[in-house]
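K.L.:
For reference, this is work.txt, and it has compact mmCIF, C-alpha atoms and all ligand atoms.
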```
# COMPACT_ATOMS: atom_id res chain seq x y z
CA MET A 221 74.31 127.42 81.97
CA SER A 222 75.39 127.13 78.39
CA SER A 223 75.52 130.21 76.15
CA THR A 224 72.25 131.85 77.20
CA ALA A 225 72.06 130.92 80.83
CA THR A 226 68.55 132.04 81.56
CA SER A 227 66.89 130.25 78.64
CA SER A 228 68.61 126.85 78.81
CA PRO A 229 67.05 124.37 81.29
CA GLU A 230 70.42 123.24 82.68
CA CYS A 231 73.11 125.34 84.29
CA GLU A 232 76.31 125.05 86.28
CA LEU A 233 76.85 127.54 89.09
CA GLU A 234 78.75 128.37 92.25
CA ILE A 235 76.66 128.60 95.43
CA THR A 236 77.59 131.66 97.47
CA ASP A 237 75.06 131.59 100.32
CA VAL A 238 72.09 129.73 101.82
CA ALA A 239 69.00 131.94 102.09
CA PHE A 240 66.40 131.85 104.87
CA GLY A 241 64.11 128.99 103.89
CA GLY A 242 67.02 126.72 102.96
CA ASP A 243 67.71 127.36 99.27
CA GLY A 244 71.28 127.89 98.13
CA VAL A 245 71.89 131.09 96.19
CA GLY A 246 74.05 131.48 93.10
CA ARG A 247 74.10 133.55 89.94
CA VAL A 248 73.98 132.73 86.28
CA ASP A 249 74.40 135.55 83.75
CA GLY A 250 73.81 138.03 86.56
CA ARG A 251 70.48 136.47 87.52
CA VAL A 252 69.96 135.01 90.98
CA VAL A 253 69.23 131.27 91.02
CA PHE A 254 67.80 129.46 94.07
CA VAL A 255 68.74 125.79 94.43
CA PRO A 256 67.68 123.55 97.36
CA PHE A 257 69.94 121.03 99.15
CA VAL A 258 73.24 122.72 98.27
CA LEU A 259 75.81 124.61 100.35
CA ALA A 260 77.90 127.78 100.07
CA GLY A 261 81.18 127.07 98.25
CA GLU A 262 79.73 124.18 96.25
CA ARG A 263 79.77 124.09 92.46
CA VAL A 264 76.60 122.38 91.22
CA ARG A 265 74.79 121.41 88.08
CA ALA A 266 71.08 122.20 88.24
CA ARG A 267 67.95 122.19 86.12
CA VAL A 268 65.78 125.33 86.02
CA SER A 269 62.29 124.51 87.30
CA LYS A 270 60.66 127.93 87.48
CA ARG A 271 61.41 131.37 86.05
CA LYS A 272 60.47 134.64 87.69
CA HIS A 273 61.16 138.11 86.39
CA ARG A 274 64.29 138.69 88.50
CA PHE A 275 65.34 135.20 89.56
CA LEU A 276 65.16 131.50 88.75
CA PHE A 277 64.47 128.35 90.77
CA ALA A 278 66.42 125.21 89.93
CA GLU A 279 66.63 121.62 91.19
CA PRO A 280 70.10 120.18 91.84
CA LEU A 281 71.29 117.48 89.42
CA GLU A 282 74.87 116.96 90.60
CA VAL A 283 77.19 118.43 93.22
CA LEU A 284 80.48 118.88 91.36
CA THR A 285 82.55 120.11 94.33
CA PRO A 286 80.93 119.05 97.61
CA SER A 287 81.33 121.16 100.75
CA VAL A 288 83.17 119.71 103.76
CA HIS A 289 79.97 120.45 105.69
CA ARG A 290 77.94 118.02 103.59
CA THR A 291 76.67 114.86 105.32
CA CYS A 292 74.31 111.95 104.65
CA PRO A 293 70.58 112.58 105.28
CA PHE A 294 69.15 110.08 107.78
CA CYS A 295 65.52 110.06 106.63
CA PRO A 296 64.39 108.17 103.50
CA TYR A 297 61.81 110.90 102.79
CA PHE A 298 64.35 113.76 102.82
CA GLY A 299 64.05 115.72 99.57
CA GLN A 300 60.50 114.52 98.93
CA CYS A 301 59.11 115.82 102.25
CA GLY A 302 58.39 119.52 102.72
CA GLY A 303 59.39 119.39 106.41
CA CYS A 304 63.22 119.26 106.50
CA GLN A 305 65.64 121.48 104.56
CA TYR A 306 69.04 120.70 106.13
CA GLN A 307 69.57 116.98 106.68
CA HIS A 308 72.43 117.11 104.13
CA VAL A 309 74.31 119.59 106.38
CA THR A 310 76.33 118.81 109.55
CA TYR A 311 74.58 120.13 112.64
CA GLU A 312 77.36 122.62 113.49
CA GLU A 313 77.04 124.11 110.01
CA GLN A 314 73.24 124.29 110.29
CA LEU A 315 73.74 126.48 113.37
CA ARG A 316 76.19 128.77 111.52
CA ILE A 317 73.88 129.00 108.47
CA LYS A 318 70.87 129.96 110.60
CA HIS A 319 72.90 132.51 112.59
CA LYS A 320 74.07 134.22 109.40
CA GLN A 321 70.50 134.21 108.04
CA LEU A 322 69.32 136.00 111.20
CA VAL A 323 72.03 138.68 110.90
CA ASP A 324 71.14 139.15 107.21
CA ILE A 325 67.41 139.46 107.97
CA LEU A 326 68.00 141.99 110.76
CA THR A 327 70.21 144.01 108.43
CA ARG A 328 68.09 143.76 105.30
CA LEU A 329 64.54 143.84 106.69
CA GLY A 330 65.10 145.62 110.01
CA GLY A 331 67.70 148.13 108.87
CA PHE A 332 69.96 147.17 111.80
CA SER A 333 73.73 147.35 111.64
CA PRO A 334 75.49 144.07 110.77
CA GLU A 335 77.57 144.84 113.89
CA LEU A 336 74.50 144.28 116.09
CA PRO A 337 75.58 141.70 118.69
CA VAL A 338 73.67 138.56 117.74
CA ALA A 339 74.82 135.72 120.00
CA PRO A 340 75.74 132.35 118.42
CA MET A 341 72.80 130.00 117.79
CA LEU A 342 72.31 127.71 120.80
CA PRO A 343 72.00 124.04 119.76
CA SER A 344 69.15 121.70 120.59
CA PRO A 345 70.26 118.93 123.00
CA ARG A 346 68.44 116.50 120.68
CA GLN A 347 68.63 116.72 116.93
CA THR A 348 66.27 113.83 116.15
CA ARG A 349 63.15 112.59 117.97
CA TYR A 350 62.75 116.07 119.50
CA ARG A 351 59.23 117.02 118.35
CA ASN A 352 56.22 116.31 120.55
CA ARG A 353 53.76 117.22 117.81
CA ILE A 354 53.27 116.73 114.08
CA ASP A 355 50.39 117.71 111.80
CA LEU A 356 49.37 115.18 109.15
CA HIS A 357 47.40 116.19 106.05
CA PRO A 358 44.58 114.24 104.39
CA ALA A 359 45.40 112.51 101.10
CA ALA A 360 42.81 111.98 98.37
CA ASP A 361 42.44 108.28 99.32
CA GLY A 362 41.55 109.15 102.92
CA THR A 363 44.92 108.26 104.47
CA TYR A 364 47.13 110.83 106.18
CA GLY A 365 50.66 112.00 105.49
CA PHE A 366 53.02 114.93 104.94
CA CYS A 367 52.99 117.48 102.12
CA VAL A 368 55.34 116.88 99.21
CA ARG A 369 58.01 119.59 98.95
CA LYS A 370 56.87 122.47 96.71
CA ARG A 371 53.59 120.60 96.02
CA PRO A 372 51.61 121.14 99.24
CA ARG A 373 48.45 119.66 97.74
CA ASP A 374 50.20 116.33 97.15
CA ILE A 375 50.44 114.12 100.23
CA PHE A 376 52.72 111.14 100.76
CA THR A 377 52.18 108.56 103.50
CA LEU A 378 55.11 107.70 105.74
CA HIS A 379 56.32 104.89 107.97
CA ASP A 380 58.17 107.11 110.43
CA CYS A 381 59.24 110.73 110.98
CA PRO A 382 62.66 110.72 112.72
CA LEU A 383 61.99 114.18 114.16
CA PHE A 384 58.87 112.98 116.04
CA GLU A 385 59.57 111.77 119.59
CA LEU A 386 58.00 108.36 119.06
CA GLN A 387 58.65 105.92 116.28
CA GLN A 388 55.24 105.59 114.63
CA ASP A 389 54.06 104.08 111.39
CA PHE A 390 51.65 106.73 110.13
CA SER A 391 50.72 104.80 107.00
CA HIS A 392 48.45 102.37 108.85
CA TYR A 393 45.62 104.57 109.98
CA PRO A 394 42.80 105.01 107.46
CA LEU A 395 41.17 107.86 109.36
CA ARG A 396 38.76 109.40 106.91
CA ARG A 397 37.88 112.99 107.61
CA PRO A 398 38.06 114.98 104.39
CA ASN A 399 39.70 118.41 104.71
CA GLN A 400 40.68 117.90 108.35
CA LEU A 401 44.24 117.88 109.62
CA LEU A 402 45.24 115.07 111.96
CA VAL A 403 47.36 116.41 114.85
CA VAL A 404 49.49 113.76 116.58
CA ARG A 405 51.06 114.71 119.92
CA THR A 406 52.82 112.86 122.69
CA HIS A 407 51.90 112.67 126.32
CA ALA A 408 53.69 110.54 128.92
CA GLY A 409 55.46 108.57 126.21
CA ALA A 410 52.34 107.70 124.20
CA PRO A 411 50.74 109.36 121.18
CA TYR A 412 47.31 110.98 121.15
CA CYS A 413 45.46 112.65 118.29
CA TYR A 414 42.76 115.09 117.41
CA PHE A 415 41.42 116.70 114.26
CA LYS A 416 41.43 120.36 113.36
CA ASP A 417 40.08 122.22 110.35
CA ASP A 418 42.05 124.43 107.98
CA ARG A 419 41.15 127.46 110.13
CA ASN A 420 42.82 125.88 113.15
CA ASN A 421 39.57 125.03 114.96
CA VAL A 422 39.79 121.80 116.95
CA THR A 423 37.03 119.50 115.69
CA SER A 424 37.36 116.34 117.79
CA GLU A 425 38.19 115.15 121.23
CA ALA A 426 41.53 113.48 121.94
CA PHE A 427 41.61 109.89 120.69
CA ASP A 428 44.01 106.98 120.50
CA LEU A 429 45.98 106.73 117.27
CA ALA A 430 45.93 102.92 117.09
CA THR A 431 42.33 102.16 118.12
CA GLN A 432 40.75 105.51 117.18
CA ALA A 433 38.81 105.29 120.47
CA PRO A 434 38.24 108.51 122.46
CA LEU A 435 40.70 108.79 125.33
CA GLY A 436 38.34 110.68 127.62
CA VAL A 437 41.14 113.03 128.69
CA THR A 438 41.28 116.78 128.34
CA ASP A 439 44.73 117.53 129.74
CA ALA A 440 48.38 116.77 128.99
CA VAL A 441 51.09 117.45 131.58
CA PHE A 442 54.71 118.56 131.06
CA ASP A 443 57.40 118.84 133.72
CA VAL A 444 59.86 121.55 132.74
CA ALA A 445 62.72 122.97 134.81
CA GLY A 446 60.99 122.26 138.13
CA MET A 447 57.59 123.50 136.91
CA ARG A 448 54.56 121.26 136.38
CA LEU A 449 52.57 122.58 133.42
CA VAL A 450 49.12 121.22 132.75
CA THR A 451 47.94 121.97 129.21
CA HIS A 452 44.67 121.43 127.41
CA TYR A 453 45.17 118.61 124.88
CA ALA A 454 45.04 121.17 122.05
CA SER A 455 46.89 124.05 123.80
CA PHE A 456 49.94 125.50 122.14
CA PHE A 457 53.04 123.99 123.74
CA GLN A 458 56.65 124.39 122.57
CA VAL A 459 57.38 121.42 120.26
CA ASN A 460 60.94 120.82 121.48
CA ARG A 461 60.77 120.19 125.23
CA TRP A 462 64.44 119.14 125.40
CA ILE A 463 65.70 122.70 124.94
CA LEU A 464 63.12 124.27 127.29
CA PRO A 465 65.38 124.56 130.41
CA THR A 466 67.93 126.53 128.33
CA PHE A 467 65.13 128.52 126.68
CA LEU A 468 63.64 129.54 130.06
CA ASP A 469 67.07 130.46 131.39
CA ILE A 470 67.66 132.70 128.34
CA VAL A 471 64.28 134.40 128.78
CA LEU A 472 65.03 135.11 132.47
CA ARG A 473 68.52 136.40 131.76
CA THR A 474 67.33 138.53 128.85
CA ALA A 475 64.53 140.04 130.95
CA ALA A 476 66.88 140.63 133.96
CA PRO A 477 63.78 141.47 136.04
CA GLU A 478 63.84 143.60 139.21
CA PRO A 479 61.77 142.65 142.31
CA SER A 480 59.66 145.83 142.12
CA TRP A 481 58.62 145.34 138.49
CA ARG A 482 55.10 144.98 137.13
CA ALA A 483 55.13 142.66 134.14
CA VAL A 484 52.92 141.21 131.45
CA ASP A 485 53.43 138.03 129.41
CA LEU A 486 51.50 138.43 126.15
CA TYR A 487 50.50 135.33 124.13
CA CYS A 488 51.24 133.30 127.29
CA GLY A 489 49.76 129.88 126.37
CA VAL A 490 49.56 127.86 129.60
CA GLY A 491 51.84 130.36 131.34
CA ILE A 492 55.31 128.85 130.89
CA PHE A 493 57.14 132.22 130.84
CA THR A 494 54.66 133.85 133.26
CA LEU A 495 55.38 131.23 135.91
CA ALA A 496 59.14 131.21 135.28
CA LEU A 497 59.25 135.01 135.78
CA ALA A 498 56.79 135.23 138.69
CA PRO A 499 59.33 134.64 141.53
CA TYR A 500 61.47 137.56 140.28
CA VAL A 501 58.88 140.35 139.85
CA ALA A 502 56.26 142.08 142.06
CA GLN A 503 53.33 141.20 139.84
CA ILE A 504 52.78 139.53 136.45
CA THR A 505 49.75 139.01 134.21
CA GLY A 506 49.57 136.43 131.43
CA VAL A 507 47.34 137.24 128.44
CA GLU A 508 46.18 134.57 125.99
CA LEU A 509 43.33 134.20 123.49
CA HIS A 510 42.78 130.43 123.95
CA SER A 511 40.51 130.24 127.00
CA GLU A 512 41.20 126.53 127.66
CA SER A 513 44.90 127.38 128.00
CA ILE A 514 44.11 130.15 130.47
CA VAL A 515 42.03 127.75 132.61
CA ARG A 516 45.15 125.52 132.83
CA ALA A 517 47.49 128.52 133.35
CA ASP A 518 45.40 129.60 136.36
CA ARG A 519 45.54 126.05 137.74
CA ASN A 520 49.31 125.89 137.15
CA ALA A 521 49.83 129.14 139.10
CA ARG A 522 47.71 127.90 142.01
CA ALA A 523 49.52 124.55 142.11
CA ALA A 524 52.85 126.42 142.19
CA ALA A 525 51.48 128.70 144.98
CA GLN A 526 52.33 131.80 142.91
CA THR A 527 50.12 134.52 144.38
CA ASN A 528 51.49 137.47 142.37
CA VAL A 529 50.17 136.02 139.08
CA SER A 530 46.92 136.68 137.24
CA PHE A 531 45.72 135.61 133.80
CA ALA A 532 43.37 137.14 131.24
CA ALA A 533 41.64 135.10 128.54
CA GLU A 534 41.52 137.76 125.86
CA ALA A 535 43.35 139.16 122.84
CA ALA A 536 46.62 140.98 123.50
CA GLU A 537 45.14 143.86 121.49
CA SER A 538 42.18 144.49 123.81
CA TRP A 539 44.15 143.91 127.03
CA LEU A 540 46.83 146.40 125.95
CA ALA A 541 44.32 148.98 124.68
CA ARG A 542 42.58 148.95 128.09
CA ALA A 543 45.89 149.09 129.98
CA ALA A 544 46.96 152.07 127.85
CA THR A 545 43.65 153.90 128.42
CA GLU A 546 43.95 153.30 132.16
CA ARG A 547 47.60 154.46 132.00
CA ARG A 548 48.74 151.38 133.90
CA SER A 549 52.36 151.28 134.88
CA LEU A 550 54.33 148.51 133.21
CA ASP A 551 58.06 147.79 133.58
CA LEU A 552 58.42 144.58 131.61
CA CYS A 553 56.56 143.12 128.64
CA VAL A 554 57.45 139.57 127.58
CA MET A 555 55.75 138.48 124.38
CA ASP A 556 55.81 135.39 122.21
CA PRO A 557 53.39 136.04 119.33
CA PRO A 558 52.56 133.63 116.51
CA ARG A 559 54.95 133.61 113.51
CA THR A 560 53.01 136.46 111.88
CA GLY A 561 54.29 138.82 114.59
CA LEU A 562 52.53 141.79 116.15
CA THR A 563 49.49 143.62 114.85
CA ASN A 564 49.62 147.42 114.54
CA LYS A 565 47.21 147.65 117.48
CA VAL A 566 49.66 145.80 119.74
CA VAL A 567 52.60 147.94 118.61
CA SER A 568 50.81 151.24 119.10
CA ALA A 569 49.34 150.32 122.53
CA LEU A 570 52.75 149.11 123.69
CA LYS A 571 54.36 152.34 122.57
CA LYS A 572 51.83 154.22 124.74
CA LEU A 573 52.44 151.97 127.74
CA ALA A 574 56.21 152.29 127.18
CA PRO A 575 57.48 149.44 129.39
CA ARG A 576 61.13 149.87 130.32
CA VAL A 577 62.03 146.46 128.88
CA ILE A 578 60.43 144.38 126.13
CA VAL A 579 61.52 140.76 125.74
CA TYR A 580 60.41 139.65 122.30
CA ILE A 581 60.40 135.87 121.71
CA SER A 582 59.92 134.96 118.08
CA CYS A 583 59.95 132.03 115.67
CA GLY A 584 59.58 134.43 112.72
CA PRO A 585 62.84 136.37 112.27
CA ASP A 586 61.38 138.41 109.39
CA THR A 587 58.34 139.63 111.33
CA PHE A 588 60.56 140.16 114.38
CA ALA A 589 62.90 142.41 112.31
CA ARG A 590 59.90 144.41 111.07
CA ASP A 591 58.43 144.83 114.59
CA ALA A 592 61.75 145.52 116.34
CA ARG A 593 62.42 148.34 113.87
CA LYS A 594 59.13 150.00 114.95
CA PHE A 595 60.17 149.94 118.62
CA VAL A 596 63.68 151.19 117.82
CA ASP A 597 62.19 154.06 115.78
CA ALA A 598 60.08 154.86 118.86
CA GLY A 599 63.20 155.24 121.03
CA TYR A 600 64.01 151.69 122.20
CA ASN A 601 67.45 150.12 121.83
CA LEU A 602 67.81 146.54 120.63
CA THR A 603 70.45 145.38 123.11
CA ALA A 604 70.46 141.57 122.87
CA VAL A 605 69.46 138.92 120.36
CA GLN A 606 69.88 135.25 121.34
CA PRO A 607 68.85 132.68 118.71
CA LEU A 608 68.09 129.07 119.71
CA ASP A 609 67.70 126.10 117.41
CA LEU A 610 64.36 124.67 118.48
CA PHE A 611 63.89 123.01 115.10
CA PRO A 612 67.03 121.10 113.91
CA HIS A 613 67.14 120.08 110.23
CA THR A 614 64.34 122.51 109.33
CA LYS A 615 64.46 126.11 108.14
CA HIS A 616 62.99 127.39 111.43
CA PHE A 617 64.63 128.75 114.57
CA GLU A 618 63.63 130.76 117.64
CA LEU A 619 65.06 133.97 119.08
CA VAL A 620 64.85 135.90 122.34
CA ALA A 621 65.57 139.64 122.08
CA ARG A 622 65.74 142.55 124.52
CA LEU A 623 64.49 146.00 123.61
CA GLU A 624 64.95 148.67 126.27
CA ARG A 625 64.15 152.31 126.74
CA PRO A 626 67.21 154.37 127.62
CA ARG A 627 67.07 155.40 131.34
CA SER A 628 66.59 159.17 131.21
C1 LIG B 701 53.91 131.06 119.85
S1 LIG B 701 52.60 130.67 120.94
C2 LIG B 701 53.34 131.05 122.49
C3 LIG B 701 52.69 130.44 123.71
C4 LIG B 701 53.50 130.47 125.01
N1 LIG B 701 54.25 131.68 125.16
C5 LIG B 701 54.41 129.26 125.10
O1 LIG B 701 55.64 129.40 124.90
O2 LIG B 701 53.91 128.16 125.38
C6 LIG B 701 51.48 131.96 120.63
C7 LIG B 701 50.23 131.96 121.47
O3 LIG B 701 49.51 133.15 121.17
C8 LIG B 701 48.11 132.89 121.23
N2 LIG B 701 47.49 133.99 120.48
C9 LIG B 701 47.36 134.11 119.14
N3 LIG B 701 46.85 135.33 118.83
C10 LIG B 701 46.65 135.98 120.01
C11 LIG B 701 46.18 137.28 120.36
N4 LIG B 701 45.78 138.16 119.42
N5 LIG B 701 46.14 137.62 121.65
C12 LIG B 701 46.55 136.76 122.62
N6 LIG B 701 47.00 135.51 122.35
C13 LIG B 701 47.05 135.13 121.07
C14 LIG B 701 47.98 131.49 120.69
O4 LIG B 701 46.79 130.88 121.15
C15 LIG B 701 49.25 130.82 121.24
O5 LIG B 701 48.98 130.19 122.48
```
Show the structure stored in the file as structure tokens.
P.N.:
Amino acid sequence: MSSTATSSPECELEITDVAFGGDGVGRVDGRVVFVPFVLAGERVRARVSKRKHRFLFAEPLEVLTPSVHRTCPFCPYFGQCGGCQYQHVTYEEQLRIKHKQLVDILTRLGGFSPELPVAPMLPSPRQTRYRNRIDLHPAADGTYGFCVRKRPRDIFTLHDCPLFELQQDFSHYPLRRPNQLLVVRTHAGAPYCYFKDDRNNVTSEAFDLATQAPLGVTDAVFDVAGMRLVTHYASFFQVNRWILPTFLDIVLRTAAPEPSWRAVDLYCGVGIFTLALAPYVAQITGVELHSESIVRADRNARAAAQTNVSFAAEAAESWLARAATERRSLDLCVMDPPRTGLTNKVVSALKKLAPRVIVYISCGPDTFARDARKFVDAGYNLTAVQPLDLFPHTKHFELVARLERPRS
């Protein structure tokens, strides 16, 4: 920035890091400046767009010294769309950036040592056309599209999203349902849709995107690593099915289960981890709030002839509280909560149950760091953290971690 860096709208700065969320970080006159779409080592010219007490936000105007890791974005909406943060970065560098962000978060928010062994980020086998689901938002004119970056109330319509498995022109469907989100998912190579409200309640049956006619189906089926998983059309299912064989392998290796173990899989969805673990433990229970998912999970276990599996359609909180009151014995707890992480009730009941091993699967590294710290303070050791890039070109990633009680 010119003489008084923090008052002038334009500045020139050196980017030293890329923060979780995707913004590059630099300093002007000692104040931190966040700039999107830039890379560490780059010198950039930027325009200040927002001032906060301790830092500034700026938009890039010109990259004066480009990084060797810079590449050409492949989507015409990149920059305008709020979905992708890293299309300007080579994929190898995206993996390194996300790995460093995880180490920083564990250190800064979790109070863990930077020496903690965090394995390198595993890549997604597909970096485009990997998503089996996208959520479209209603625009004022009744059409549907994506949120504009930093202006989530503004919606733009699009002709294709290169991250979605199927090439689809989303600008053609004048589906008028004010205030409802349009969820588009794939099944057997074709898209299907349904509406949900802003509180995540599903408000329609599954219908065809082109004709808008009800499909009359309630299930979608996925074949993953030798398992057939039937899901309800609105069940949670991992969005990147291409990385699922690796993901399941990591979960099994991180759990390292013993044949005598009693296990629980909290937040189990349609039972993907429950069924993958079942052959290696004495008994396992899957717990999930969405009852339609549990109906399918039960069916999936029966179809796979897994007799040591049971499922409970209830909140993790109430299942754990009852298990703790009954002093049930538990060796392994696998859990994959929503991005918001664990509630205090879950943490305190789990501390009482004290399973020997906890495998924590998370797509929220900040909430994971917070929760892992609570278990470590209660005597667990954090012995493995394996990140996986389920979401190329976006700020998100997944991790699988092992917390274990010392054998004493
Ligand atoms: C990140 S998904 C994981 C699902 C599953 N593990 C999978 O990989 O397919 C989180 C799941 O937790 C469920 N859920 C949310 N809050 C819950 C709660 N308090 N108790 C139990 N399940 C809950 C959601 O319905 C969702 O299926």
K.L.:
Please tabulate, as a tab-separated table, the residues of region 414-520 of chain A that come within 12 Å of region 615-619 of chain A, each with its closest pair of atoms and the distance in Å to one decimal, counting only C-alpha atoms and ordering rows by chain, then residue number upward.
P.N.:
```
residue	atom	partner	partner_atom	distance
A:Gln458	CA	A:Glu618	CA	10.7
A:Val459	CA	A:Glu618	CA	11.5
A:Asn460	CA	A:Glu618	CA	11.0
A:Ile463	CA	A:Glu618	CA	11.1
A:Leu464	CA	A:Glu618	CA	11.6
A:Phe467	CA	A:Leu619	CA	9.4
A:Leu468	CA	A:Leu619	CA	11.9
A:Ile470	CA	A:Leu619	CA	9.7
A:Val471	CA	A:Leu619	CA	9.7
A:Thr474	CA	A:Leu619	CA	11.0
```
K.L.:
Which residues, written as a PDB file with C-alpha atoms, in the frame of the given file, have at least one atom at most 8 Å from Val258 (chain A), with all atoms listed in the file counted and residues fewer than 6 positions away on the same chain left out?
P.N.:
```
ATOM      1  CA  ILE A 235      76.660 128.600  95.430  1.00  0.00           C
ATOM      2  CA  VAL A 238      72.090 129.730 101.820  1.00  0.00           C
ATOM      3  CA  ASP A 243      67.710 127.360  99.270  1.00  0.00           C
ATOM      4  CA  GLY A 244      71.280 127.890  98.130  1.00  0.00           C
ATOM      5  CA  VAL A 264      76.600 122.380  91.220  1.00  0.00           C
ATOM      6  CA  PRO A 280      70.100 120.180  91.840  1.00  0.00           C
ATOM      7  CA  VAL A 283      77.190 118.430  93.220  1.00  0.00           C
TER       8      VAL A 283
END
```
K.L.:
Return the single residue from A:Pro477, A:Pro372, A:His613, A:Thr494 that is closest to Phe257 (chain A), with distances computed using only C-alpha atoms.
P.N.:
A:His613
K.L.:
Using only C-alpha atoms, which residue out of A:Asp485, A:Asp355, A:Asp361, A:Glu546 lies closest to Tyr412 (chain A)?
P.N.:
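Closest to Tyr412 (chain A) of all the choices is A:Asp355.
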K.L.:
Dump as a Markdown table the rows for residues of chain A within 9 Å of ligand LIG 701 (chain B): closest atom pair and distance in Å with one decimal, all atoms listed in the file counted, ordered by chain and rising residue number.
P.N.:
```
| residue | atom | partner | partner_atom | distance |
| --- | --- | --- | --- | --- |
| A:Ser455 | CA | B:LIG701 | O5 | 6.6 |
| A:Phe456 | CA | B:LIG701 | O5 | 4.8 |
| A:Phe457 | CA | B:LIG701 | O2 | 4.6 |
| A:Gln458 | CA | B:LIG701 | O2 | 5.4 |
| A:Asp485 | CA | B:LIG701 | N1 | 7.7 |
| A:Leu486 | CA | B:LIG701 | C12 | 6.3 |
| A:Tyr487 | CA | B:LIG701 | O3 | 3.8 |
| A:Cys488 | CA | B:LIG701 | N1 | 4.0 |
| A:Gly489 | CA | B:LIG701 | O5 | 4.0 |
| A:Val490 | CA | B:LIG701 | O2 | 6.1 |
| A:Gly491 | CA | B:LIG701 | C4 | 6.5 |
| A:Ile492 | CA | B:LIG701 | O2 | 5.7 |
| A:Phe493 | CA | B:LIG701 | N1 | 6.4 |
| A:Thr494 | CA | B:LIG701 | N1 | 8.4 |
| A:Val507 | CA | B:LIG701 | C12 | 5.9 |
| A:Glu508 | CA | B:LIG701 | N6 | 3.8 |
| A:Leu509 | CA | B:LIG701 | N6 | 4.1 |
| A:His510 | CA | B:LIG701 | O4 | 4.9 |
| A:Ser511 | CA | B:LIG701 | O4 | 8.6 |
| A:Ser513 | CA | B:LIG701 | O5 | 7.4 |
| A:Ala533 | CA | B:LIG701 | C12 | 7.9 |
| A:Glu534 | CA | B:LIG701 | C12 | 6.1 |
| A:Ala535 | CA | B:LIG701 | N5 | 3.4 |
| A:Ala536 | CA | B:LIG701 | N5 | 3.9 |
| A:Glu537 | CA | B:LIG701 | N4 | 6.1 |
| A:Ser538 | CA | B:LIG701 | N5 | 8.2 |
| A:Trp539 | CA | B:LIG701 | N5 | 8.5 |
| A:Val554 | CA | B:LIG701 | N1 | 8.9 |
| A:Met555 | CA | B:LIG701 | N1 | 7.0 |
| A:Asp556 | CA | B:LIG701 | N1 | 5.0 |
| A:Pro557 | CA | B:LIG701 | C6 | 4.7 |
| A:Pro558 | CA | B:LIG701 | C1 | 4.4 |
| A:Arg559 | CA | B:LIG701 | C1 | 6.9 |
| A:Leu562 | CA | B:LIG701 | N4 | 8.3 |
| A:Thr563 | CA | B:LIG701 | N4 | 8.0 |
| A:Val566 | CA | B:LIG701 | N4 | 8.6 |
| A:Ile581 | CA | B:LIG701 | N1 | 8.2 |
| A:Ser582 | CA | B:LIG701 | C1 | 7.4 |
| A:Cys583 | CA | B:LIG701 | C1 | 7.4 |
```
K.L.:
Skip Ser269 (chain A) itself and residues of its chain fewer than 5 positions away, then list as an mmCIF file with C-alpha atoms, in the coordinates of the input all residues within 7 Å of it, counting only C-alpha atoms.
P.N.:
```cif
data_model
loop_
_atom_site.group_PDB
_atom_site.id
_atom_site.type_symbol
_atom_site.label_atom_id
_atom_site.label_comp_id
_atom_site.auth_asym_id
_atom_site.auth_seq_id
_atom_site.Cartn_x
_atom_site.Cartn_y
_atom_site.Cartn_z
ATOM 1 C CA PHE A 277 64.470 128.350 90.770
ATOM 2 C CA ALA A 278 66.420 125.210 89.930
ATOM 3 C CA GLU A 279 66.630 121.620 91.190
#
```
K.L.:
Kindly provide the residues of region 344-462 of chain A that approach region 298-319 of chain A to within 12 Å, each paired with its closest atom pair and their distance in Å to one decimal, based on only C-alpha atoms, listed by chain and increasing number, as CSV.
P.N.:
```
residue,atom,partner,partner_atom,distance
A:Ser344,CA,A:Tyr311,CA,9.8
A:Pro345,CA,A:Tyr311,CA,11.3
A:Arg346,CA,A:Tyr311,CA,10.7
A:Gln347,CA,A:Tyr311,CA,8.1
A:Thr348,CA,A:Gln307,CA,10.5
A:Ile354,CA,A:Gly303,CA,10.2
A:Asp355,CA,A:Gly303,CA,10.6
A:Leu356,CA,A:Gly303,CA,11.2
A:His357,CA,A:Gly302,CA,12.0
A:Gly365,CA,A:Cys301,CA,9.8
A:Phe366,CA,A:Cys301,CA,6.7
A:Cys367,CA,A:Gly302,CA,5.8
A:Val368,CA,A:Cys301,CA,5.0
A:Arg369,CA,A:Gly302,CA,3.8
A:Lys370,CA,A:Gly302,CA,6.9
A:Arg371,CA,A:Gly302,CA,8.3
A:Pro372,CA,A:Gly302,CA,7.8
A:Arg373,CA,A:Gly302,CA,11.1
A:Asp374,CA,A:Cys301,CA,10.3
A:Ile375,CA,A:Cys301,CA,9.1
A:Phe376,CA,A:Cys301,CA,8.1
A:Thr377,CA,A:Cys301,CA,10.1
A:Leu378,CA,A:Cys301,CA,9.7
A:Asp380,CA,A:Phe298,CA,11.8
A:Cys381,CA,A:Gly303,CA,9.8
A:Pro382,CA,A:Phe298,CA,10.5
A:Leu383,CA,A:Cys304,CA,9.3
A:Phe384,CA,A:Gly303,CA,11.6
```
K.L.:
How many Å lie between CA of Asp551 (chain A) and CA of Ala496 (chain A), rounded to one decimal?
P.N.:
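Taking CA of Asp551 (chain A) and CA of Ala496 (chain A), their separation equals 16.7 Å.
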K.L.:
Identify which of the residues A:Asn528, A:Thr327, A:Thr614, A:Asn564 lies closest to Ala541 (chain A), counting all atoms listed in the file when measuring atom-to-atom distances.
P.N.:
A:Asn564
